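Next comes structure_39.json, a file with JSON, C-alpha atoms.
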```
[["chain", "number", "residue", "atom", "x", "y", "z"],
["A", 1, "MET", "CA", 11.88, 18.97, 25.47],
["A", 2, "SER", "CA", 13.47, 16.03, 27.29],
["A", 3, "ALA", "CA", 14.54, 12.83, 25.54],
["A", 4, "GLY", "CA", 11.83, 10.74, 27.18],
["A", 5, "GLU", "CA", 9.02, 13.13, 26.37],
["A", 6, "LEU", "CA", 6.83, 12.36, 23.41],
["A", 7, "THR", "CA", 7.41, 14.67, 20.50],
["A", 8, "LEU", "CA", 4.79, 13.22, 18.17],
["A", 9, "PRO", "CA", 1.27, 14.62, 18.05],
["A", 10, "ALA", "CA", -1.46, 12.26, 19.19],
["A", 11, "GLU", "CA", -3.64, 12.87, 16.14],
["A", 12, "ARG", "CA", -1.44, 10.55, 14.07],
["A", 13, "HIS", "CA", -2.50, 7.46, 16.03],
["A", 14, "GLY", "CA", -6.22, 7.32, 15.35],
["A", 15, "SER", "CA", -8.79, 5.93, 17.75],
["A", 16, "VAL", "CA", -10.52, 2.56, 18.24],
["A", 17, "ARG", "CA", -13.49, 4.01, 16.38],
["A", 18, "ASP", "CA", -11.26, 4.98, 13.41],
["A", 19, "TYR", "CA", -9.82, 1.49, 13.10],
["A", 20, "VAL", "CA", -13.15, -0.32, 13.52],
["A", 21, "VAL", "CA", -14.98, 1.93, 11.03],
["A", 22, "GLY", "CA", -12.09, 1.60, 8.57],
["A", 23, "PHE", "CA", -12.03, -2.16, 9.00],
["A", 24, "LEU", "CA", -15.79, -2.61, 8.49],
["A", 25, "LEU", "CA", -15.75, -0.37, 5.42],
["A", 26, "SER", "CA", -12.79, -2.34, 4.03],
["A", 27, "VAL", "CA", -14.55, -5.67, 4.60],
["A", 28, "LEU", "CA", -17.57, -4.38, 2.69],
["A", 29, "LEU", "CA", -15.47, -2.84, -0.09],
["A", 30, "THR", "CA", -13.52, -6.09, -0.47],
["A", 31, "ALA", "CA", -16.44, -8.50, -0.25],
["A", 32, "VAL", "CA", -18.56, -6.80, -2.93],
["A", 33, "PRO", "CA", -15.91, -6.96, -5.73],
["A", 34, "PHE", "CA", -15.18, -10.63, -4.95],
["A", 35, "TRP", "CA", -18.91, -11.37, -4.95],
["A", 36, "LEU", "CA", -19.35, -9.51, -8.27],
["A", 37, "VAL", "CA", -16.65, -11.58, -9.95],
["A", 38, "MET", "CA", -17.20, -14.97, -8.29],
["A", 39, "GLY", "CA", -20.99, -14.87, -8.35],
["A", 40, "HIS", "CA", -21.23, -13.48, -11.92],
["A", 41, "ALA", "CA", -23.75, -11.04, -10.49],
["A", 42, "ILE", "CA", -23.83, -8.84, -13.61],
["A", 43, "GLU", "CA", -23.80, -10.03, -17.23],
["A", 44, "SER", "CA", -21.60, -7.25, -18.66],
["A", 45, "LYS", "CA", -17.90, -7.85, -17.91],
["A", 46, "GLN", "CA", -17.14, -4.20, -18.62],
["A", 47, "ALA", "CA", -19.64, -3.10, -15.99],
["A", 48, "ILE", "CA", -18.07, -5.49, -13.44],
["A", 49, "ALA", "CA", -14.56, -4.24, -14.31],
["A", 50, "PHE", "CA", -15.67, -0.63, -13.91],
["A", 51, "LEU", "CA", -17.34, -1.39, -10.56],
["A", 52, "ILE", "CA", -14.42, -3.30, -9.04],
["A", 53, "VAL", "CA", -11.96, -0.53, -9.99],
["A", 54, "ALA", "CA", -14.31, 2.01, -8.40],
["A", 55, "PHE", "CA", -14.53, -0.13, -5.23],
["A", 56, "ALA", "CA", -10.70, -0.43, -5.14],
["A", 57, "ALA", "CA", -10.30, 3.35, -5.43],
["A", 58, "VAL", "CA", -12.79, 3.96, -2.59],
["A", 59, "GLN", "CA", -11.12, 1.31, -0.42],
["A", 60, "MET", "CA", -7.68, 2.86, -0.99],
["A", 61, "ILE", "CA", -9.03, 6.23, 0.15],
["A", 62, "THR", "CA", -10.64, 4.51, 3.17],
["A", 63, "HIS", "CA", -7.27, 3.02, 4.15],
["A", 64, "VAL", "CA", -5.43, 6.31, 3.72],
["A", 65, "VAL", "CA", -7.95, 8.15, 5.90],
["A", 66, "PHE", "CA", -8.71, 5.58, 8.62],
["A", 67, "PHE", "CA", -5.44, 3.58, 8.83],
["A", 68, "LEU", "CA", -2.74, 6.01, 7.67],
["A", 69, "HIS", "CA", -4.57, 9.00, 9.26],
["A", 70, "VAL", "CA", -3.58, 11.36, 6.46],
["A", 71, "SER", "CA", -5.37, 14.65, 6.68],
["A", 72, "ALA", "CA", -4.74, 18.07, 5.16],
["A", 73, "ARG", "CA", -3.23, 19.12, 8.50],
["A", 74, "SER", "CA", -0.69, 16.32, 9.08],
["A", 75, "GLU", "CA", 2.95, 17.53, 8.87],
["A", 76, "GLY", "CA", 1.69, 20.98, 7.92],
["A", 77, "GLY", "CA", 0.15, 19.65, 4.70],
["A", 78, "TRP", "CA", 3.36, 18.07, 3.32],
["A", 79, "THR", "CA", 2.04, 14.54, 3.72],
["A", 80, "LEU", "CA", -1.00, 15.24, 1.57],
["A", 81, "LEU", "CA", 0.99, 17.30, -0.93],
["A", 82, "SER", "CA", 3.59, 14.54, -1.46],
["A", 83, "LEU", "CA", 0.77, 11.99, -1.74],
["A", 84, "ILE", "CA", -0.99, 14.03, -4.44],
["A", 85, "PHE", "CA", 2.31, 14.54, -6.31],
["A", 86, "THR", "CA", 2.97, 10.78, -6.17],
["A", 87, "LEU", "CA", -0.55, 10.00, -7.37],
["A", 88, "VAL", "CA", -0.05, 12.29, -10.38],
["A", 89, "LEU", "CA", 3.14, 10.38, -11.26],
["A", 90, "VAL", "CA", 1.38, 7.04, -10.71],
["A", 91, "VAL", "CA", -1.47, 8.01, -13.04],
["A", 92, "ILE", "CA", 0.98, 9.23, -15.73],
["A", 93, "THR", "CA", 3.02, 6.02, -15.43],
["A", 94, "LEU", "CA", 0.04, 3.66, -15.56],
["A", 95, "ALA", "CA", -2.13, 5.43, -18.11],
["A", 96, "GLY", "CA", 0.84, 6.43, -20.28],
["A", 97, "SER", "CA", 2.36, 2.92, -20.42],
["A", 98, "VAL", "CA", -0.90, 1.15, -21.12],
["A", 99, "TRP", "CA", -1.98, 3.74, -23.71],
["A", 100, "VAL", "CA", 1.31, 3.79, -25.63],
["A", 101, "MET", "CA", 1.79, 0.02, -25.58],
["A", 102, "TYR", "CA", -1.82, -0.61, -26.58],
["A", 103, "HIS", "CA", -1.37, 1.51, -29.70],
["A", 104, "LEU", "CA", 1.98, -0.12, -30.41],
["A", 105, "ASP", "CA", 0.29, -3.51, -30.17],
["A", 106, "SER", "CA", -2.55, -2.57, -32.51],
["A", 107, "ASN", "CA", -0.05, -1.13, -35.03],
["A", 108, "MET", "CA", 1.93, -4.37, -34.94],
["A", 109, "MET", "CA", -1.18, -6.48, -35.36],
["A", 110, "PRO", "CA", -1.41, -6.70, -39.22],
["A", 111, "GLN", "CA", 2.20, -7.82, -39.42],
["A", 112, "GLN", "CA", 1.58, -10.58, -36.89],
["A", 113, "GLU", "CA", -1.47, -11.75, -38.81],
["A", 114, "MET", "CA", 0.51, -11.74, -42.04],
["A", 115, "SER", "CA", 3.16, -13.99, -40.55],
["A", 116, "GLN", "CA", 0.51, -16.39, -39.31],
["A", 117, "LEU", "CA", -0.97, -16.84, -42.79],
["A", 118, "PRO", "CA", -0.37, -20.26, -44.31],
["B", 119, "MET", "CA", -2.29, 51.71, 13.83],
["B", 120, "ALA", "CA", -1.46, 51.04, 10.22],
["B", 121, "TYR", "CA", 1.35, 53.56, 10.36],
["B", 122, "ALA", "CA", 2.89, 51.90, 13.44],
["B", 123, "PHE", "CA", 2.76, 48.52, 11.69],
["B", 124, "ALA", "CA", 4.45, 49.91, 8.61],
["B", 125, "THR", "CA", 7.35, 51.41, 10.55],
["B", 126, "ALA", "CA", 7.86, 48.11, 12.37],
["B", 127, "GLU", "CA", 8.15, 46.43, 8.97],
["B", 128, "VAL", "CA", 10.73, 48.93, 7.78],
["B", 129, "ALA", "CA", 12.70, 48.75, 11.00],
["B", 130, "SER", "CA", 13.45, 45.02, 10.75],
["B", 131, "PRO", "CA", 15.95, 44.30, 7.95],
["B", 132, "THR", "CA", 14.85, 41.78, 5.33],
["B", 133, "ALA", "CA", 16.62, 38.44, 5.79],
["B", 134, "PHE", "CA", 16.75, 35.85, 3.07],
["B", 135, "TYR", "CA", 18.42, 33.13, 5.14],
["B", 136, "GLN", "CA", 18.79, 32.21, 8.80],
["B", 137, "ILE", "CA", 22.21, 32.50, 10.35],
["B", 138, "ASN", "CA", 21.28, 30.67, 13.55],
["B", 139, "GLU", "CA", 19.73, 27.30, 12.90],
["B", 140, "HIS", "CA", 16.49, 26.91, 14.78],
["B", 141, "GLU", "CA", 15.96, 23.89, 17.03],
["B", 142, "HIS", "CA", 14.98, 20.55, 15.55],
["B", 143, "ALA", "CA", 13.52, 17.98, 17.93],
["B", 144, "ALA", "CA", 15.33, 14.62, 17.70],
["B", 145, "GLY", "CA", 13.48, 12.48, 15.17],
["B", 146, "GLY", "CA", 11.06, 15.32, 14.49],
["B", 147, "SER", "CA", 11.25, 14.87, 10.72],
["B", 148, "THR", "CA", 11.46, 11.06, 10.66],
["B", 149, "MET", "CA", 7.76, 10.53, 10.04],
["B", 150, "LEU", "CA", 7.68, 12.84, 7.01],
["B", 151, "GLY", "CA", 10.91, 11.32, 5.71],
["B", 152, "PHE", "CA", 9.51, 7.82, 6.04],
["B", 153, "TRP", "CA", 6.32, 8.93, 4.34],
["B", 154, "ILE", "CA", 8.36, 10.21, 1.38],
["B", 155, "TYR", "CA", 10.20, 6.84, 1.26],
["B", 156, "LEU", "CA", 6.77, 5.15, 1.06],
["B", 157, "MET", "CA", 5.82, 7.45, -1.81],
["B", 158, "SER", "CA", 8.97, 6.36, -3.68],
["B", 159, "ASP", "CA", 8.05, 2.73, -2.94],
["B", 160, "CYS", "CA", 4.62, 3.53, -4.35],
["B", 161, "LEU", "CA", 6.31, 4.58, -7.60],
["B", 162, "ILE", "CA", 8.18, 1.25, -7.75],
["B", 163, "PHE", "CA", 4.86, -0.56, -7.50],
["B", 164, "ALA", "CA", 3.30, 1.79, -10.07],
["B", 165, "VAL", "CA", 5.99, 0.79, -12.57],
["B", 166, "MET", "CA", 5.36, -2.89, -11.86],
["B", 167, "PHE", "CA", 1.60, -2.43, -12.22],
["B", 168, "ALA", "CA", 2.24, -0.65, -15.53],
["B", 169, "THR", "CA", 4.46, -3.55, -16.67],
["B", 170, "TYR", "CA", 1.75, -6.02, -15.70],
["B", 171, "GLY", "CA", -0.86, -3.86, -17.43],
["B", 172, "VAL", "CA", 1.16, -3.97, -20.65],
["B", 173, "LEU", "CA", 2.28, -7.61, -20.53],
["B", 174, "GLY", "CA", -0.56, -9.19, -18.55],
["B", 175, "ALA", "CA", -2.43, -10.44, -21.62],
["B", 176, "HIS", "CA", 0.61, -11.97, -23.38],
["B", 177, "TYR", "CA", 0.31, -15.66, -22.52],
["B", 178, "ALA", "CA", 2.65, -17.03, -25.27],
["B", 179, "GLY", "CA", 0.29, -19.96, -25.62],
["B", 180, "GLY", "CA", 0.74, -20.72, -21.91],
["B", 181, "PRO", "CA", -1.77, -20.71, -19.05],
["B", 182, "ALA", "CA", -4.08, -17.70, -18.60],
["B", 183, "PRO", "CA", -5.25, -16.22, -15.25],
["B", 184, "ARG", "CA", -8.45, -18.24, -15.48],
["B", 185, "ASP", "CA", -6.45, -21.52, -15.54],
["B", 186, "LEU", "CA", -4.24, -20.55, -12.59],
["B", 187, "PHE", "CA", -5.98, -18.31, -10.07],
["B", 188, "ASP", "CA", -8.03, -19.68, -7.20],
["B", 189, "LEU", "CA", -10.28, -16.79, -6.13],
["B", 190, "PRO", "CA", -11.51, -18.28, -2.81],
["B", 191, "LEU", "CA", -7.84, -18.66, -1.78],
["B", 192, "VAL", "CA", -7.14, -15.05, -2.80],
["B", 193, "ALA", "CA", -10.17, -13.95, -0.74],
["B", 194, "VAL", "CA", -8.76, -15.76, 2.33],
["B", 195, "ASN", "CA", -5.37, -14.16, 1.67],
["B", 196, "THR", "CA", -6.93, -10.71, 1.40],
["B", 197, "SER", "CA", -8.77, -11.17, 4.70],
["B", 198, "MET", "CA", -5.49, -12.21, 6.40],
["B", 199, "LEU", "CA", -3.85, -8.95, 5.37],
["B", 200, "LEU", "CA", -6.93, -6.90, 6.28],
["B", 201, "LEU", "CA", -7.12, -8.53, 9.74],
["B", 202, "SER", "CA", -3.41, -7.86, 10.25],
["B", 203, "SER", "CA", -4.07, -4.19, 9.51],
["B", 204, "ILE", "CA", -6.65, -3.82, 12.28],
["B", 205, "THR", "CA", -4.58, -5.82, 14.80],
["B", 206, "TYR", "CA", -1.62, -3.55, 14.05],
["B", 207, "GLY", "CA", -3.94, -0.62, 14.73],
["B", 208, "PHE", "CA", -4.84, -2.15, 18.12],
["B", 209, "SER", "CA", -1.16, -2.53, 18.98],
["B", 210, "MET", "CA", -0.69, 1.17, 18.22],
["B", 211, "LEU", "CA", -3.57, 2.00, 20.58],
["B", 212, "SER", "CA", -2.03, -0.20, 23.32],
["B", 213, "MET", "CA", 1.33, 1.50, 22.73],
["B", 214, "ARG", "CA", -0.28, 4.89, 23.29],
["B", 215, "LYS", "CA", -1.54, 3.64, 26.67],
["B", 216, "ARG", "CA", 2.05, 2.51, 27.47],
["B", 217, "GLN", "CA", 0.97, -1.15, 27.81],
["B", 218, "VAL", "CA", 4.09, -3.05, 26.73],
["B", 219, "GLY", "CA", 2.52, -6.51, 27.11],
["B", 220, "ALA", "CA", -0.64, -5.72, 25.16],
["B", 221, "THR", "CA", 1.37, -3.99, 22.43],
["B", 222, "GLN", "CA", 3.54, -7.09, 22.06],
["B", 223, "VAL", "CA", 0.54, -9.44, 22.00],
["B", 224, "TRP", "CA", -1.17, -7.42, 19.24],
["B", 225, "LEU", "CA", 2.12, -7.25, 17.32],
["B", 226, "ALA", "CA", 2.49, -11.02, 17.63],
["B", 227, "ILE", "CA", -1.07, -11.55, 16.30],
["B", 228, "THR", "CA", -0.25, -9.16, 13.43],
["B", 229, "ALA", "CA", 2.90, -11.17, 12.65],
["B", 230, "LEU", "CA", 0.86, -14.40, 12.64],
["B", 231, "PHE", "CA", -1.66, -12.95, 10.16],
["B", 232, "GLY", "CA", 1.24, -11.69, 8.05],
["B", 233, "ALA", "CA", 2.89, -15.12, 8.16],
["B", 234, "ALA", "CA", -0.43, -16.76, 7.20],
["B", 235, "PHE", "CA", -0.64, -14.38, 4.22],
["B", 236, "LEU", "CA", 2.88, -15.30, 3.14],
["B", 237, "GLY", "CA", 2.24, -19.00, 3.65],
["B", 238, "ILE", "CA", -0.84, -18.92, 1.42],
["B", 239, "GLU", "CA", 1.03, -16.88, -1.19],
["B", 240, "LEU", "CA", 3.97, -19.31, -1.21],
["B", 241, "HIS", "CA", 1.54, -22.22, -1.46],
["B", 242, "GLU", "CA", -0.04, -20.54, -4.49],
["B", 243, "PHE", "CA", 3.36, -19.89, -6.07],
["B", 244, "THR", "CA", 4.62, -23.47, -5.58],
["B", 245, "HIS", "CA", 1.32, -24.80, -6.93],
["B", 246, "MET", "CA", 1.65, -22.62, -10.04],
["B", 247, "ILE", "CA", 5.29, -23.53, -10.58],
["B", 248, "GLY", "CA", 4.39, -27.20, -10.11],
["B", 249, "GLU", "CA", 1.89, -26.86, -12.95],
["B", 250, "GLY", "CA", 4.61, -25.43, -15.22],
["B", 251, "ALA", "CA", 3.46, -21.81, -14.79],
["B", 252, "THR", "CA", 6.96, -20.56, -13.97],
["B", 253, "PRO", "CA", 8.10, -16.92, -14.34],
["B", 254, "GLU", "CA", 9.91, -17.75, -17.60],
["B", 255, "ARG", "CA", 6.83, -19.35, -19.20],
["B", 256, "SER", "CA", 5.28, -16.12, -20.57],
["B", 257, "ALA", "CA", 5.40, -12.33, -20.29],
["B", 258, "PHE", "CA", 2.19, -12.52, -18.26],
["B", 259, "LEU", "CA", 3.79, -14.84, -15.70],
["B", 260, "SER", "CA", 7.07, -12.85, -15.57],
["B", 261, "SER", "CA", 5.21, -9.65, -14.74],
["B", 262, "PHE", "CA", 2.86, -11.49, -12.37],
["B", 263, "PHE", "CA", 5.66, -13.00, -10.28],
["B", 264, "THR", "CA", 7.59, -9.71, -10.27],
["B", 265, "LEU", "CA", 4.64, -7.68, -9.01],
["B", 266, "VAL", "CA", 3.15, -10.14, -6.51],
["B", 267, "GLY", "CA", 6.58, -11.39, -5.44],
["B", 268, "THR", "CA", 7.83, -7.87, -4.69],
["B", 269, "HIS", "CA", 4.77, -7.26, -2.53],
["B", 270, "GLY", "CA", 5.41, -10.57, -0.74],
["B", 271, "LEU", "CA", 9.05, -9.56, -0.13],
["B", 272, "HIS", "CA", 7.85, -6.30, 1.41],
["B", 273, "VAL", "CA", 5.55, -8.25, 3.75],
["B", 274, "THR", "CA", 8.46, -10.56, 4.65],
["B", 275, "PHE", "CA", 10.70, -7.65, 5.62],
["B", 276, "GLY", "CA", 7.77, -6.03, 7.43],
["B", 277, "ILE", "CA", 7.49, -9.16, 9.61],
["B", 278, "VAL", "CA", 11.25, -9.15, 10.31],
["B", 279, "TRP", "CA", 10.99, -5.46, 11.31],
["B", 280, "LEU", "CA", 7.91, -6.21, 13.44],
["B", 281, "LEU", "CA", 9.67, -9.02, 15.36],
["B", 282, "THR", "CA", 12.69, -6.74, 15.90],
["B", 283, "LEU", "CA", 10.46, -4.05, 17.42],
["B", 284, "MET", "CA", 8.72, -6.63, 19.66],
["B", 285, "VAL", "CA", 12.15, -7.42, 21.14],
["B", 286, "GLN", "CA", 13.08, -3.74, 21.39],
["B", 287, "ILE", "CA", 9.97, -2.67, 23.29],
["B", 288, "GLY", "CA", 10.48, -5.73, 25.51],
["B", 289, "GLN", "CA", 13.97, -4.49, 26.36],
["B", 290, "ARG", "CA", 13.45, -0.71, 26.54],
["B", 291, "GLY", "CA", 9.69, -0.27, 26.88],
["B", 292, "VAL", "CA", 7.71, 2.31, 24.91],
["B", 293, "THR", "CA", 10.31, 5.08, 24.62],
["B", 294, "ALA", "CA", 10.01, 8.01, 22.22],
["B", 295, "ALA", "CA", 12.40, 6.27, 19.80],
["B", 296, "ASN", "CA", 10.45, 3.02, 19.91],
["B", 297, "GLU", "CA", 7.18, 4.84, 19.45],
["B", 298, "ARG", "CA", 8.59, 6.53, 16.35],
["B", 299, "ARG", "CA", 9.76, 3.16, 15.00],
["B", 300, "LEU", "CA", 6.37, 1.56, 15.61],
["B", 301, "MET", "CA", 4.67, 4.46, 13.85],
["B", 302, "CYS", "CA", 6.96, 4.07, 10.82],
["B", 303, "LEU", "CA", 6.18, 0.36, 10.68],
["B", 304, "SER", "CA", 2.48, 1.21, 11.03],
["B", 305, "LEU", "CA", 2.69, 3.36, 7.90],
["B", 306, "PHE", "CA", 4.66, 0.62, 6.10],
["B", 307, "TRP", "CA", 2.22, -2.13, 7.08],
["B", 308, "HIS", "CA", -0.95, -0.23, 6.13],
["B", 309, "PHE", "CA", 0.76, 0.90, 2.90],
["B", 310, "LEU", "CA", 1.32, -2.75, 1.94],
["B", 311, "ASP", "CA", -2.36, -3.43, 2.50],
["B", 312, "ILE", "CA", -3.19, -0.58, 0.09],
["B", 313, "ILE", "CA", -0.86, -2.07, -2.54],
["B", 314, "TRP", "CA", -2.62, -5.42, -2.05],
["B", 315, "ILE", "CA", -5.98, -3.76, -2.89],
["B", 316, "GLY", "CA", -4.44, -2.92, -6.26],
["B", 317, "VAL", "CA", -3.07, -6.45, -6.65],
["B", 318, "PHE", "CA", -6.28, -8.32, -5.92],
["B", 319, "THR", "CA", -8.33, -5.92, -8.05],
["B", 320, "PHE", "CA", -6.12, -5.55, -11.13],
["B", 321, "VAL", "CA", -4.33, -8.93, -11.13],
["B", 322, "TYR", "CA", -6.74, -11.46, -9.66],
["B", 323, "LEU", "CA", -10.27, -10.11, -10.16],
["B", 324, "MET", "CA", -9.59, -8.46, -13.56],
["B", 325, "GLY", "CA", -7.63, -11.56, -14.59],
["B", 326, "MET", "CA", -10.65, -13.76, -13.96],
["B", 327, "LEU", "CA", -12.84, -11.42, -16.03],
["B", 328, "ARG", "CA", -10.67, -11.89, -19.15]]
```
Just dump the structure as C-alpha cells.
Amino acid sequence: MSAGELTLPAERHGSVRDYVVGFLLSVLLTAVPFWLVMGHAIESKQAIAFLIVAFAAVQMITHVVFFLHVSARSEGGWTLLSLIFTLVLVVITLAGSVWVMYHLDSNMMPQQEMSQLP
Amino acid sequence: MAYAFATAEVASPTAFYQINEHEHAAGGSTMLGFWIYLMSDCLIFAVMFATYGVLGAHYAGGPAPRDLFDLPLVAVNTSMLLLSSITYGFSMLSMRKRQVGATQVWLAITALFGAAFLGIELHEFTHMIGEGATPERSAFLSSFFTLVGTHGLHVTFGIVWLLTLMVQIGQRGVTAANERRLMCLSLFWHFLDIIWIGVFTFVYLMGMLR
C-alpha cells in the first residue's frame, strides 16, 4: 500500500442522497418542535415537552446515521459499540444527577419554607 | 473430512500472543481513535447537561429563560448550524472526486455558516450580559453560559481547524493525510450539530415551557 493510495473505505463518506435526505429530515425534525413551542399548538406543556424530547432523540439518530455514517459494520463494529457504551454513561449521568438532586431538593424544601416564615 | 480438520488443529501450536507484529497502515486507526475522543467529548457535554438539568431552575430571584431567550433568533441560529452540516457534507463529496477548488469553496461556505452561528450566539450573550443576566447572577445562568459557551468554543476551534485544512489542501491537494484530516473534522463538525440539538431542545425550548 503506497503512501499516496487511499486507505480509507469509501462507505464512510456517504452520498449526495444521504446528505440531502438527512438534511430534509433534520429540517422537519427541527421545525416541528419550534412550531410546537412558539405556536402553543398543544395546551398541555407536559405533552409538548415529551414531544420535543422525542423529536430531539429521532433527530440525533438521523444525524448519526446520515451525517456521521455510523453503521454496525464501520470499524468492525467498534464505532457502534463505543457509541452505545458512551450512551449508557450519558444516561446514567443525566438521569442519576437529576434524580438524586431532585430528591435532595424536595427533602430540603420544608427547611427552606420554615426560614421564609415571618 | 472432520478427522483431517481435527489433526490440522492439533498440529498448529496454540499461541496466546503474536511475536511478529502484523502490518498497520499509516493512519489506519486514526478514525476510530478520533471517534473515541468524540465519545469522551460527549461525556463532557453530558456532565454539563446534567449540571444544567440540576441548576437550570434556580434563578435566585433573577431573570428566567422566558425573560431572556429569543426563540426566533435561536431558530435562525439552529438553521445556520444545520446548513453548515450539509455544506460540509458537500465538501466531503467534492474531496472524494479530488476537486480541490470545489472542496475549498464548500469549506469556505461551511466556515461562513459557522461564523454566522457564532456571531448570533455572541450577540445573544452580549445582549443578556447587557441586561444584567451575567454568569454570576444565578445558578441557572452559570450553568447556561458554561454549557452553551463550551459548545460555542468547540465551534470556534472547529472553524480554526477548517481554515487550516483549507490552506493545507491548497498547498498539498487531497492527499491521504489530508483526506483523513478532513474526515476527522467532518465527524467533529457533525458531532457539534448533534450537541446543538440537545442544547436547543433542553435549554431553549424546555426553558420557554417553564
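Straight-line separation from atom CA of Phe167 of chain B to atom CA of Thr264 of chain B: 9.6 Å.
Shortest atom-to-atom contact with chain A among B:Gly325, B:His308, B:Leu191, B:Gln217: B:His308, counting all atoms listed in the file.
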Interface list for chain B, partner chain A, 7 Å threshold, all atoms listed in the file, as a count of residues only: 22
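When only C-alpha atoms are used to measure the gap to Val70 of chain A, the shortest distance among B:Val292, B:Leu236, B:Leu300, B:Met149 belongs to B:Met149.
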Atom CA of Phe235 of chain B to atom CA of Leu199 of chain B, distance in Å rounded to a single decimal: 6.4 Å
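In this structure, atom CA of Arg73 of chain A sits 16.0 Å away from atom CA of Gly146 of chain B.
Among the candidates B:Trp279, B:Trp307, B:Tyr322, B:Phe263, the one nearest to Ala193 of chain B when counting all atoms listed in the file is B:Tyr322.
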Provide segment 56-69 of chain A rebuilt to N, CA and C atoms, formatted as a PDB file, keeping the file's coordinate frame.
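So the final result, stored in part-v7.pdb, reads:
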```
ATOM      1  N   ALA A  56     -12.109  -0.458  -5.561  1.00  0.00           N
ATOM      2  CA  ALA A  56     -10.700  -0.430  -5.140  1.00  0.00           C
ATOM      3  C   ALA A  56     -10.280   0.990  -4.811  1.00  0.00           C
ATOM      4  N   ALA A  57     -10.686   1.947  -5.661  1.00  0.00           N
ATOM      5  CA  ALA A  57     -10.300   3.350  -5.430  1.00  0.00           C
ATOM      6  C   ALA A  57     -10.876   3.837  -4.103  1.00  0.00           C
ATOM      7  N   VAL A  58     -12.161   3.520  -3.844  1.00  0.00           N
ATOM      8  CA  VAL A  58     -12.790   3.960  -2.590  1.00  0.00           C
ATOM      9  C   VAL A  58     -12.101   3.296  -1.404  1.00  0.00           C
ATOM     10  N   GLN A  59     -11.757   1.994  -1.551  1.00  0.00           N
ATOM     11  CA  GLN A  59     -11.120   1.310  -0.420  1.00  0.00           C
ATOM     12  C   GLN A  59      -9.722   1.877  -0.141  1.00  0.00           C
ATOM     13  N   MET A  60      -8.991   2.259  -1.201  1.00  0.00           N
ATOM     14  CA  MET A  60      -7.680   2.860  -0.990  1.00  0.00           C
ATOM     15  C   MET A  60      -7.813   4.171  -0.202  1.00  0.00           C
ATOM     16  N   ILE A  61      -8.810   4.969  -0.562  1.00  0.00           N
ATOM     17  CA  ILE A  61      -9.030   6.230   0.150  1.00  0.00           C
ATOM     18  C   ILE A  61      -9.401   5.933   1.608  1.00  0.00           C
ATOM     19  N   THR A  62     -10.260   4.906   1.810  1.00  0.00           N
ATOM     20  CA  THR A  62     -10.640   4.510   3.170  1.00  0.00           C
ATOM     21  C   THR A  62      -9.408   4.181   4.000  1.00  0.00           C
ATOM     22  N   HIS A  63      -8.485   3.393   3.413  1.00  0.00           N
ATOM     23  CA  HIS A  63      -7.270   3.020   4.150  1.00  0.00           C
ATOM     24  C   HIS A  63      -6.425   4.232   4.484  1.00  0.00           C
ATOM     25  N   VAL A  64      -6.277   5.136   3.498  1.00  0.00           N
ATOM     26  CA  VAL A  64      -5.430   6.310   3.720  1.00  0.00           C
ATOM     27  C   VAL A  64      -6.008   7.164   4.853  1.00  0.00           C
ATOM     28  N   VAL A  65      -7.336   7.281   4.895  1.00  0.00           N
ATOM     29  CA  VAL A  65      -7.950   8.150   5.900  1.00  0.00           C
ATOM     30  C   VAL A  65      -7.988   7.469   7.266  1.00  0.00           C
ATOM     31  N   PHE A  66      -8.459   6.194   7.321  1.00  0.00           N
ATOM     32  CA  PHE A  66      -8.710   5.580   8.620  1.00  0.00           C
ATOM     33  C   PHE A  66      -7.498   4.831   9.182  1.00  0.00           C
ATOM     34  N   PHE A  67      -6.605   4.323   8.322  1.00  0.00           N
ATOM     35  CA  PHE A  67      -5.440   3.580   8.830  1.00  0.00           C
ATOM     36  C   PHE A  67      -4.167   4.422   8.811  1.00  0.00           C
ATOM     37  N   LEU A  68      -3.956   5.178   7.745  1.00  0.00           N
ATOM     38  CA  LEU A  68      -2.740   6.010   7.670  1.00  0.00           C
ATOM     39  C   LEU A  68      -2.961   7.386   8.298  1.00  0.00           C
ATOM     40  N   HIS A  69      -4.223   7.740   8.584  1.00  0.00           N
ATOM     41  CA  HIS A  69      -4.570   9.000   9.260  1.00  0.00           C
ATOM     42  C   HIS A  69      -4.008  10.212   8.538  1.00  0.00           C
TER      43      HIS A  69
END
```
